[in-house]
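See structure below.
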Amino acid sequence: MKSSISEPEVTLEIAQKLGLIPEEFEKIKEILGRTPNYTELSVYSVMWSEHCSYKNSIMWLKTLPKDGPHMLAKAGEENAGLVDIGDGIGCCFKIESHNHPSALEPYQGAATGVGGINRDIFTMGARPIAQLNSLRFGNIETDRTKWLLKGVVKGIGDYGNAFGVPVVGGEIYFDDCYNTNPLVNAMSAGIVKEGNTVSATSYGVGNPVFIVGSSTGKDGIHGATFASEDITESSADKIPAVQVGDPFQEKLLLEASLEVAKTSTIIGMQDMGAAGITCSTSEMSAKGEHGMIIHLDKVPLRQQNMLPFEILLSESQERMLIVVKKGRESEVQKIFDKWDLNCVQIGEVTDDKRLKYYMNGQLVADVPAESLVLGGGAPIYKREYKEPDYFAKSKDFSIDNIKQPTNLKEVFNHLISHPSICSKKWVIEQYDSMVGTKNMSTNKPSDAAVVNIKGTNKAIVLTTDCNSRYVHANPEIGCEIAVAEAARNIVCSGGEPSAITNCLNFGNPYSPEVYWQFVGSIKGMGNACRKFNTPVTGGNVSFYNQTSIDGKVEPVFPTPVIGMLGVMPDKKTQTTLNFKKEGDIIYLIGKSKNDISCSEYLYSYHKVKLSPPPCFDLNEEFEMQETIKHLIFSNIISSAHDVSDGGLLVALFESAMYNGLGANISSDDSIRKDAFLFGESQSRVIVSVSPEMQDDFIEILATSETEFSLLGEVNGEEIIVDGESFGKINDIKNIYDNVISKIMEKN
Amino acid sequence: MKFGVVIFPGSNCDHDMIYVLKNIMKQEVVKLWHKDTDLQNVDFVILPGGFSFGDYLRSGAIARFSPIMIEVIEFAKKGGYVFGVCNGFQILCEAGLLPGALLHNNNQKFICKNIYIKSETNNSILTSSLEKDKVLKIPIAHGEGRYFADEKTMNDLLSNEQILFSYCNEKGEKDLISNPNGSINNIAGICNSTRNVFGMMPHPERAADEEIGNIDGKLIFQSILQNCLQNKM
């Protein structure tokens, strides 16, 4: 078939320009039985891009555990995973990256990332109630990072604040490996009543297909393809591939979509994110095993003279595709009219499983829906992988070669002033963290965010975690730790880990060393998720997070961010991280080890860049978390805070600072003091216990497998270790709170 | 009492306000859609927070032209109670029901955090039941919350005791550090000269539920109820 509208002649060269490889071009010709026209080629190029097809990752993703006792929709079945949290309520949650657009245009890149992930949630009929962000930037002292940080934070804030869903948690790390390519991962969680969920499907011959929401413009064309290649010096030319967000339209679309979802007027609904109309029409048709006729000239446009392929590929935001039951059109129309949104029929469902796109009555593309999608005709590749040289070298590290500094106070100051460890107040206060009045952590701080499910006894507990330094050191163990830390944060807040979503940020998958990191991470994630019985409900893979400048390729640290959902069956078990009163006794659950490996202390104070991950044993971690749960559910401890970045002393300070209460502790003389204070060996939690609960506390610990030790007590206004003061709480807090604002506001 | 909560396109604190009035204060609440022209015989109108019409031109500038606002203005002129929180306060200033204006925060950023306020007068239904000098911890969440009024207006506000709330520190002292947005005289909330239209930037509805660990805002709702019920009798 040849399109008469002026478009380039299709050749292998053109196909390669669109990111397809020669084998893929051949396969398209085979599927169609002819050479595709330019419109069809564009459709395949986006649907078979890494971003949409998962062609280089799906083989490994399939090894991850998907089954859990509470799964309502498993990974890959819908736009986001759906977990039954009881009381007839489902929780829908997902994390997604917007790294590439944010590297070029941080404000719009981050804003549309927030918009996209929330649409994934409400397209299923769920109202988003909480958001988290996991961000990675380069050296904060550079102008580029400051520009990126400012833009990303403002983008997330402006979009999310207006949209009206609170940011309840997240993480931010700074490391040189992200200097060019920041990571912007946005997570959203929503709740939906049983029976009100909407599927992304299409069936029923003759059912009308509607496009609703914003008009379609030329923004974001080939965005999915752009997200599937390296960032290079010429990437700035691709700014038109970045979309522009409008949170007000999104808010209207949310309310209208949820109103429609409650009616029985629709067959299915899917948001338009990557690859726009192409993706929604093909995925819905493939899922429902039907076809569609689409009239592109009926799509409301915001620009004139758009070509068919531009309309098909546009990634204009705040749009949905809805398949309506024939005869119910006016009910749907009425809802969208109320919200002053476009609602236009652009086609109908057919039975031939083909997508036929027309422009002014002329057929411009005709492709089988199934051939485009993941799980259907999209290619799947098995990639080679190889252990990188640095891995063997890292094993040469020995703590004995590191001299213990004489001034440990200086080390402590270095750590609390480190942008990855210090307070993120400068960022967080730019986000509305309280709209919705469900954030139970605003006034009661805890390791993970606790979000109220009003009208029930329950809350959900959310966190994102990944220490990419550990993953770089050993992808398998590092990713086990990422899952374990997420679970630990949820357990320490009083919840039960339930399921995860993941955002897998890696370099170029065609690099065997990068792919080795990917494979190791997936193995580790699988191990840990099986152990904690937290199935993987979905997520997102973002490859090509690396920079080629002057021919030198620098991948980012492998960063498989874990977004975990926990359930708190009874809100009374909510547990905070702050010390409550003078005289409470401080214990360490878990064991101090003579380990400084991979710690922030070793990495940025001693500047030792290569070392194995910190001590970690999955079974020991699991037992330790069971013990914490037992203590919390028996109402024995007053606070719980896990030991993570920066080690024990930083964690102790964080527990102390909220109420300005000091702590007086003793170190363990069987290990080096720097390892005791700053080591990051895993599976440790600092708890405080009131004196009257101490007997019960000891009894539970005595019957558990978990080791524990007495650290000291809550006391005074200083942090004191072995009689030596590390400073007054308020003085330390003053430094800790203002590190980022001082850097960002100085001119 | 029967409250009416106005919903503009882009309102996002409407659910929170309705939840507090209905589930916590146990009052009757109706939703008033911005295209409506009937206030449904409510006793008290609330304009909730959010980003009405995206706040694209200027906060509240477009919402004031919604059909419902004609009724709200009429209602207020007859002495009916109207209370705007955050974006609602901005809309009331744009509509001329309250004096002054709300400008961009002086740090040019959106700010969301717990802050402290105290009441400046007990001569209003929002504040009369509050303990004198009682410091309330109430969250703010706004980008345009810097209250400004010209000298004449300020004189009027002061002489008529129209300043309801001021930003202060935990101890109740008004100082520069505790002013989060640069508002003139630390002003956080005001009323009109006839004392039936109220506006405040902090969100009392975000501090009225035991489950989120702060109920200082509930005191303001209690004050409203106590006084309105008294007035009704």
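If you're wondering about the labels, chains in the structure tokens are A, B, ... by order shown, residues count from 1 in each chain, ligands from 1 in order shown.
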Using only C-alpha atoms, what table do you get, as a tab-separated table, when you list each residue of chain B with an atom no more than 7 Å from chain A, its nearest pair of atoms, and their distance in Å rounded to one decimal, rows by chain then rising number?
```
residue	atom	partner	partner_atom	distance
B:Pro9	CA	A:Leu252	CA	6.7
B:Gly10	CA	A:Phe248	CA	6.0
B:Asn12	CA	A:Gly164	CA	5.3
B:Cys13	CA	A:Val435	CA	6.6
B:Asp16	CA	A:Gly436	CA	5.8
B:Gly50	CA	A:Ala162	CA	6.7
B:Phe51	CA	A:Ala162	CA	5.5
B:Phe53	CA	A:Phe248	CA	6.6
B:Gly54	CA	A:Phe248	CA	4.8
B:Lys109	CA	A:Gln430	CA	6.7
B:Phe110	CA	A:Gln430	CA	5.1
B:Ile111	CA	A:Gln430	CA	5.1
B:Cys112	CA	A:Glu429	CA	4.9
B:Lys113	CA	A:Glu429	CA	6.2
B:Ala141	CA	A:Asp432	CA	6.1
B:Arg206	CA	A:Thr437	CA	5.6
B:Glu211	CA	A:Met440	CA	6.9
B:Ile212	CA	A:Met440	CA	4.6
B:Gly213	CA	A:Asn443	CA	5.7
```
- Determine, counting only C-alpha atoms, which protein, DNA and RNA residues have an atom within 8 Å of an atom of Val5 in chain B; residues of the same chain fewer than 4 positions away are not included. Present the result as number ranges by chain. B: 14, 17-18, 29-32, 45-48
Quick one: write out the picked residues with N, CA, C and O atoms as a short mmCIF file (atom, residue, chain, number, x, y, z; two decimals), in the first residue's frame?
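Final file, part-v8.cif:
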```
data_model
loop_
_atom_site.label_atom_id
_atom_site.label_comp_id
_atom_site.auth_asym_id
_atom_site.auth_seq_id
_atom_site.Cartn_x
_atom_site.Cartn_y
_atom_site.Cartn_z
N ASP B 14 -11.38 20.36 47.83
CA ASP B 14 -12.82 20.26 48.05
C ASP B 14 -13.17 18.99 48.83
O ASP B 14 -13.94 19.04 49.79
N MET B 17 -12.17 19.35 52.52
CA MET B 17 -13.06 20.25 53.25
C MET B 17 -14.38 19.54 53.55
O MET B 17 -14.89 19.60 54.68
N ILE B 18 -14.90 18.86 52.54
CA ILE B 18 -16.18 18.16 52.72
C ILE B 18 -16.03 17.07 53.78
O ILE B 18 -16.89 16.89 54.64
N VAL B 29 -23.55 18.92 54.23
CA VAL B 29 -22.73 19.60 53.22
C VAL B 29 -23.29 19.33 51.83
O VAL B 29 -23.63 18.19 51.51
N VAL B 30 -23.39 20.37 51.02
CA VAL B 30 -23.73 20.15 49.61
C VAL B 30 -22.58 20.68 48.75
O VAL B 30 -21.88 21.62 49.14
N LYS B 31 -22.41 20.03 47.59
CA LYS B 31 -21.40 20.49 46.63
C LYS B 31 -22.06 21.50 45.71
O LYS B 31 -23.16 21.25 45.20
N LEU B 32 -21.41 22.61 45.49
CA LEU B 32 -21.94 23.63 44.58
C LEU B 32 -21.02 23.70 43.37
O LEU B 32 -19.88 24.14 43.47
N VAL B 45 -21.11 29.40 52.97
CA VAL B 45 -20.44 29.00 51.72
C VAL B 45 -18.93 28.92 51.95
O VAL B 45 -18.36 29.81 52.57
N ILE B 46 -18.33 27.83 51.47
CA ILE B 46 -16.87 27.72 51.57
C ILE B 46 -16.27 27.59 50.17
O ILE B 46 -16.73 26.80 49.34
N LEU B 47 -15.24 28.39 49.90
CA LEU B 47 -14.47 28.23 48.67
C LEU B 47 -13.18 27.51 49.05
O LEU B 47 -12.36 28.05 49.80
N PRO B 48 -13.00 26.28 48.59
CA PRO B 48 -11.85 25.48 49.04
C PRO B 48 -10.57 25.82 48.28
O PRO B 48 -10.59 26.62 47.34
#
```
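Picture a line from CA of Lys733 in chain A to CA of Leu710 in chain A; it runs 24.9 Å.
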- Message: Taking only range 190-430 of chain A into account, list the residues labelled alpha helix (DSSP H) by DSSP (computed from the backbone), as a PyMOL selection string.
- Response: chain A and resi 223-226+247-261+276-288+308-313+329-338+389-394+408-416+425-428
Selected residues written out, C-alpha atoms, as a short mmCIF file (atom, residue, chain, number, x, y, z; two decimals), in the first residue's frame:
```
data_model
loop_
_atom_site.label_atom_id
_atom_site.label_comp_id
_atom_site.auth_asym_id
_atom_site.auth_seq_id
_atom_site.Cartn_x
_atom_site.Cartn_y
_atom_site.Cartn_z
CA GLY A 223 9.60 10.46 22.05
CA ALA A 224 9.63 6.73 22.67
CA THR A 225 12.36 6.30 20.09
CA PHE A 226 14.34 9.13 21.63
CA PRO A 247 -1.87 19.76 35.06
CA PHE A 248 -5.19 21.59 34.89
CA GLN A 249 -6.29 19.48 31.91
CA GLU A 250 -5.04 16.39 33.73
CA LYS A 251 -7.12 17.26 36.80
CA LEU A 252 -10.23 17.65 34.64
CA LEU A 253 -9.41 14.42 32.81
CA LEU A 254 -9.01 12.65 36.16
CA GLU A 255 -12.41 13.74 37.44
CA ALA A 256 -14.16 13.01 34.15
CA SER A 257 -12.47 9.61 33.73
CA LEU A 258 -13.38 8.53 37.24
CA GLU A 259 -16.96 9.65 36.68
CA VAL A 260 -17.11 7.59 33.49
CA ALA A 261 -15.45 4.62 35.19
CA GLY A 276 0.21 8.17 21.63
CA ILE A 277 -2.72 6.98 19.53
CA THR A 278 -0.59 4.23 18.02
CA CYS A 279 0.11 2.62 21.35
CA SER A 280 -3.37 2.90 22.85
CA THR A 281 -5.18 1.64 19.74
CA SER A 282 -2.81 -1.28 19.23
CA GLU A 283 -2.55 -2.40 22.85
CA MET A 284 -6.28 -2.20 23.50
CA SER A 285 -7.09 -3.99 20.24
CA ALA A 286 -4.50 -6.70 20.82
CA LYS A 287 -5.75 -7.29 24.35
CA GLY A 288 -9.39 -7.52 23.25
CA PRO A 308 -0.95 11.14 9.56
CA PHE A 309 2.23 9.79 11.15
CA GLU A 310 2.50 12.91 13.30
CA ILE A 311 -1.05 12.48 14.59
CA LEU A 312 -0.39 8.80 15.25
CA LEU A 313 2.88 9.34 17.10
CA GLU A 329 -22.32 7.56 23.67
CA SER A 330 -24.45 10.44 24.92
CA GLU A 331 -23.95 9.48 28.58
CA VAL A 332 -20.18 9.58 28.12
CA GLN A 333 -20.38 12.78 26.11
CA LYS A 334 -22.37 14.45 28.90
CA ILE A 335 -19.68 13.76 31.50
CA PHE A 336 -16.90 15.18 29.35
CA ASP A 337 -19.05 18.19 28.44
CA LYS A 338 -19.49 18.88 32.14
CA ASP A 389 36.74 -5.74 34.72
CA TYR A 390 35.97 -3.55 37.71
CA PHE A 391 34.08 -6.36 39.42
CA ALA A 392 37.15 -8.52 40.07
CA LYS A 393 39.13 -5.46 41.10
CA SER A 394 36.58 -4.47 43.72
CA LEU A 408 35.66 10.85 63.87
CA LYS A 409 33.64 14.01 64.54
CA GLU A 410 34.97 15.39 61.29
CA VAL A 411 33.73 12.25 59.53
CA PHE A 412 30.31 12.69 61.09
CA ASN A 413 30.19 16.31 59.94
CA HIS A 414 31.21 15.24 56.47
CA LEU A 415 28.37 12.71 56.35
CA ILE A 416 25.55 14.90 57.66
CA LYS A 425 13.72 19.87 53.04
CA TRP A 426 14.61 22.32 50.25
CA VAL A 427 13.06 19.88 47.78
CA ILE A 428 10.20 18.43 49.79
#
```
- Could you pull the residues within 10 Å of Gly268 in chain A, counting only C-alpha atoms, minus those fewer than 2 positions along the same chain, as JSON, numbers by chain? {"A": [123, 124, 197, 198, 199, 200, 201, 202, 203, 209, 261, 265, 266, 270, 284, 288, 321, 322, 323, 324, 325]}
- Exercise: range 166-182 of chain B partners within 6 Å, only C-alpha atoms, chain neighbours under 2 positions left out, as an MDAnalysis selection string: chainID B and resid 105:106 116:118 135 146 186:188
If you run DSSP over the backbone, which residues in range 169-328 of chain A end up strand (DSSP E or B)? Put them as a CSV table (one decimal) with N, CA and C atoms, in the first residue's frame.
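Full text of part.csv as output:
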```csv
chain,number,residue,atom,x,y,z
A,169,GLY,N,6.7,10.7,49.7
A,169,GLY,CA,8.0,10.1,50.0
A,169,GLY,C,8.9,10.1,48.7
A,170,GLY,N,10.0,9.4,48.9
A,170,GLY,CA,10.9,9.3,47.8
A,170,GLY,C,12.4,9.4,48.2
A,171,GLU,N,13.3,9.6,47.3
A,171,GLU,CA,14.7,9.7,47.6
A,171,GLU,C,15.4,10.5,46.6
A,172,ILE,N,16.5,11.1,47.0
A,172,ILE,CA,17.4,11.8,46.1
A,172,ILE,C,18.8,11.5,46.4
A,173,TYR,N,19.6,11.1,45.4
A,173,TYR,CA,21.0,10.9,45.6
A,173,TYR,C,21.8,11.7,44.6
A,174,PHE,N,23.0,12.0,45.0
A,174,PHE,CA,23.9,12.8,44.1
A,174,PHE,C,25.2,12.0,43.8
A,183,LEU,N,18.4,10.8,36.7
A,183,LEU,CA,17.2,9.8,36.7
A,183,LEU,C,16.1,10.5,37.4
A,184,VAL,N,14.9,10.5,36.7
A,184,VAL,CA,13.7,11.0,37.3
A,184,VAL,C,12.6,9.9,37.2
A,185,ASN,N,12.4,9.3,38.4
A,185,ASN,CA,11.4,8.2,38.4
A,185,ASN,C,10.3,8.6,39.3
A,186,ALA,N,9.1,8.5,38.7
A,186,ALA,CA,7.9,9.0,39.5
A,186,ALA,C,7.0,7.8,39.8
A,187,MET,N,6.5,7.7,41.0
A,187,MET,CA,5.6,6.6,41.4
A,187,MET,C,4.3,7.2,41.9
A,188,SER,N,3.2,6.5,41.6
A,188,SER,CA,1.9,6.9,42.1
A,188,SER,C,1.1,5.7,42.5
A,189,ALA,N,0.3,5.9,43.6
A,189,ALA,CA,-0.5,4.9,44.1
A,189,ALA,C,-2.0,5.4,44.2
A,190,GLY,N,-2.9,4.6,43.8
A,190,GLY,CA,-4.3,5.0,43.8
A,190,GLY,C,-5.2,3.9,44.4
A,191,ILE,N,-6.3,4.2,44.8
A,191,ILE,CA,-7.2,3.2,45.3
A,191,ILE,C,-8.5,3.2,44.5
A,192,VAL,N,-9.1,2.0,44.4
A,192,VAL,CA,-10.3,1.8,43.7
A,192,VAL,C,-11.2,0.8,44.4
A,193,LYS,N,-12.5,1.1,44.3
A,193,LYS,CA,-13.5,0.1,44.9
A,193,LYS,C,-13.6,-1.1,44.0
A,208,PRO,N,-18.1,2.3,19.4
A,208,PRO,CA,-17.4,3.5,19.0
A,208,PRO,C,-16.1,3.7,19.8
A,209,VAL,N,-15.1,4.3,19.1
A,209,VAL,CA,-13.8,4.6,19.8
A,209,VAL,C,-13.7,6.1,19.9
A,210,PHE,N,-13.5,6.6,21.1
A,210,PHE,CA,-13.5,8.0,21.4
A,210,PHE,C,-12.1,8.5,21.8
A,211,ILE,N,-11.7,9.7,21.4
A,211,ILE,CA,-10.5,10.3,22.0
A,211,ILE,C,-11.0,11.4,22.9
A,212,VAL,N,-10.5,11.5,24.1
A,212,VAL,CA,-11.0,12.5,25.1
A,212,VAL,C,-9.8,13.2,25.7
A,213,GLY,N,-10.1,14.4,26.1
A,213,GLY,CA,-9.0,15.2,26.8
A,213,GLY,C,-8.4,16.3,25.8
A,216,THR,N,-4.5,17.3,20.1
A,216,THR,CA,-3.2,16.7,19.7
A,216,THR,C,-2.3,17.7,18.9
A,231,ILE,N,22.1,9.5,25.2
A,231,ILE,CA,22.1,10.9,25.2
A,231,ILE,C,23.5,11.3,24.6
A,232,THR,N,23.5,12.2,23.6
A,232,THR,CA,24.7,12.6,23.0
A,232,THR,C,24.7,14.1,22.9
A,266,ILE,N,-18.7,1.9,29.4
A,266,ILE,CA,-17.5,1.7,28.6
A,266,ILE,C,-17.0,0.3,28.6
A,267,ILE,N,-16.3,-0.1,27.5
A,267,ILE,CA,-15.6,-1.4,27.4
A,267,ILE,C,-14.2,-1.3,28.0
A,268,GLY,N,-13.5,-0.2,27.7
A,268,GLY,CA,-12.1,-0.1,28.1
A,268,GLY,C,-11.6,1.3,27.9
A,269,MET,N,-10.5,1.6,28.6
A,269,MET,CA,-9.9,2.9,28.6
A,269,MET,C,-8.4,2.8,28.7
A,270,GLN,N,-7.7,3.5,27.9
A,270,GLN,CA,-6.2,3.6,28.1
A,270,GLN,C,-5.7,5.0,27.9
A,271,ASP,N,-4.7,5.4,28.7
A,271,ASP,CA,-4.2,6.7,28.6
A,271,ASP,C,-3.2,6.7,27.4
A,291,GLY,N,-10.1,-5.5,16.1
A,291,GLY,CA,-9.4,-4.5,15.3
A,291,GLY,C,-10.1,-3.1,15.4
A,292,MET,N,-9.5,-2.1,14.8
A,292,MET,CA,-10.2,-0.8,14.8
A,292,MET,C,-10.0,-0.1,13.5
A,293,ILE,N,-11.0,0.7,13.2
A,293,ILE,CA,-10.9,1.7,12.1
A,293,ILE,C,-10.7,3.1,12.8
A,294,ILE,N,-9.7,3.8,12.4
A,294,ILE,CA,-9.5,5.1,13.1
A,294,ILE,C,-9.4,6.2,12.0
A,295,HIS,N,-10.2,7.3,12.1
A,295,HIS,CA,-10.2,8.4,11.2
A,295,HIS,C,-9.3,9.5,11.8
A,301,LEU,N,-7.1,18.7,16.8
A,301,LEU,CA,-5.7,19.0,16.7
A,301,LEU,C,-5.5,20.4,17.2
A,319,ARG,N,-4.5,12.9,27.4
A,319,ARG,CA,-5.5,12.3,26.5
A,319,ARG,C,-5.7,10.9,26.8
A,320,MET,N,-6.9,10.4,26.5
A,320,MET,CA,-7.3,9.0,26.7
A,320,MET,C,-8.0,8.5,25.5
A,321,LEU,N,-7.9,7.2,25.3
A,321,LEU,CA,-8.8,6.5,24.3
A,321,LEU,C,-9.8,5.7,25.1
A,322,ILE,N,-11.0,5.8,24.7
A,322,ILE,CA,-12.1,5.1,25.3
A,322,ILE,C,-13.0,4.4,24.3
A,323,VAL,N,-13.2,3.1,24.6
A,323,VAL,CA,-14.1,2.3,23.8
A,323,VAL,C,-15.4,2.3,24.5
A,324,VAL,N,-16.5,2.8,23.9
A,324,VAL,CA,-17.8,3.0,24.5
A,324,VAL,C,-18.7,2.0,24.0
```
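For the pair CA of Asp87 in chain A and CA of Val567 in chain A, the interatomic distance is 12.2 Å.
Nearest residue to Lys218 in chain A among A:Val349, A:Val153, A:Val244, A:Tyr601 is A:Val244, counting only C-alpha atoms.
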For range 193-203 of chain B: contacts at 7 Å, only C-alpha atoms, fewer than 4 positions along chain excluded, given as a tab-separated table (two decimals) with C-alpha atoms, in the first residue's frame:
```
chain	number	residue	atom	x	y	z
B	76	ALA	CA	-22.26	37.84	50.96
B	79	GLY	CA	-24.70	39.20	55.15
B	80	GLY	CA	-24.26	35.48	54.39
B	81	TYR	CA	-21.12	33.78	55.66
B	82	VAL	CA	-18.45	33.07	53.04
B	83	PHE	CA	-15.08	31.54	53.92
B	84	GLY	CA	-12.21	31.05	51.46
B	85	VAL	CA	-9.18	28.92	52.22
B	86	CYS	CA	-5.98	29.29	50.16
B	89	PHE	CA	-9.02	33.34	49.73
B	124	SER	CA	-15.07	37.04	64.48
B	138	ILE	CA	-1.65	24.65	60.62
B	139	PRO	CA	-0.13	23.68	57.26
B	140	ILE	CA	0.32	26.06	54.35
B	145	GLY	CA	0.28	33.60	49.48
B	160	ASN	CA	-11.50	47.58	62.24
B	162	GLN	CA	-10.08	42.74	60.36
B	188	ALA	CA	-2.32	34.94	57.36
B	189	GLY	CA	-6.06	35.62	57.37
```
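If you look at CA of Asn489 in chain A and CA of His418 in chain A, they are 21.4 Å away from each other.
If you measure from each of B:Ile115, B:Ala149, B:Ile190, B:Leu39 to Leu103 in chain B using only C-alpha atoms, the closest one turns out to be B:Ala149.
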- Message: Need the shell around Ser681 in chain A: protein/DNA/RNA residues with any atom at most 6 Å away, counting only C-alpha atoms. Skip same-chain ones fewer than 2 positions apart. Format as a ChimeraX atom specification?
- Response: /A:614-615,679
- Query: What lies within 12 Å of Lys152 in chain B using only C-alpha atoms, ignoring chain neighbours under 5 positions off, as a PyMOL selection string?
  - Reply: chain B and resi 99-100+157-159
Serialized selection, all heavy atoms, as a PDB file, in the first residue's frame:
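Writing done, so here's part29.pdb:
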```
ATOM      1  N   PRO B  99     -10.515  42.736  50.890  1.00  0.00           N
ATOM      2  CA  PRO B  99      -9.543  43.710  50.402  1.00  0.00           C
ATOM      3  C   PRO B  99      -8.150  43.097  50.237  1.00  0.00           C
ATOM      4  O   PRO B  99      -7.849  42.066  50.823  1.00  0.00           O
ATOM      5  CB  PRO B  99      -9.531  44.754  51.524  1.00  0.00           C
ATOM      6  CG  PRO B  99      -9.886  43.983  52.750  1.00  0.00           C
ATOM      7  CD  PRO B  99     -10.823  42.889  52.309  1.00  0.00           C
ATOM      8  N   GLY B 100      -7.320  43.763  49.441  1.00  0.00           N
ATOM      9  CA  GLY B 100      -5.933  43.329  49.300  1.00  0.00           C
ATOM     10  C   GLY B 100      -5.758  42.298  48.218  1.00  0.00           C
ATOM     11  O   GLY B 100      -6.681  41.991  47.461  1.00  0.00           O
ATOM     12  N   LEU B 157      -7.849  47.778  57.940  1.00  0.00           N
ATOM     13  CA  LEU B 157      -7.783  46.426  58.508  1.00  0.00           C
ATOM     14  C   LEU B 157      -7.434  46.486  59.986  1.00  0.00           C
ATOM     15  O   LEU B 157      -8.024  45.790  60.813  1.00  0.00           O
ATOM     16  CB  LEU B 157      -6.747  45.574  57.772  1.00  0.00           C
ATOM     17  CG  LEU B 157      -7.056  45.146  56.327  1.00  0.00           C
ATOM     18  CD1 LEU B 157      -5.881  44.386  55.739  1.00  0.00           C
ATOM     19  CD2 LEU B 157      -8.307  44.279  56.264  1.00  0.00           C
ATOM     20  N   LEU B 158      -6.459  47.349  60.282  1.00  0.00           N
ATOM     21  CA  LEU B 158      -6.006  47.439  61.672  1.00  0.00           C
ATOM     22  C   LEU B 158      -7.060  48.089  62.559  1.00  0.00           C
ATOM     23  O   LEU B 158      -7.395  47.561  63.618  1.00  0.00           O
ATOM     24  CB  LEU B 158      -4.685  48.223  61.738  1.00  0.00           C
ATOM     25  CG  LEU B 158      -3.464  47.470  61.183  1.00  0.00           C
ATOM     26  CD1 LEU B 158      -2.302  48.430  60.922  1.00  0.00           C
ATOM     27  CD2 LEU B 158      -3.028  46.366  62.154  1.00  0.00           C
ATOM     28  N   SER B 159      -7.626  49.210  62.080  1.00  0.00           N
ATOM     29  CA  SER B 159      -8.558  49.915  62.966  1.00  0.00           C
ATOM     30  C   SER B 159      -9.866  49.155  63.138  1.00  0.00           C
ATOM     31  O   SER B 159     -10.514  49.251  64.176  1.00  0.00           O
ATOM     32  CB  SER B 159      -8.804  51.351  62.474  1.00  0.00           C
ATOM     33  OG  SER B 159      -9.282  51.299  61.146  1.00  0.00           O
TER      34      SER B 159
END
```
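Compared by their closest atoms to Gly138 in chain A, and using only C-alpha atoms, the residues A:Ile735, A:Leu41, A:Val242, A:Val556 rank with A:Val556 nearest.
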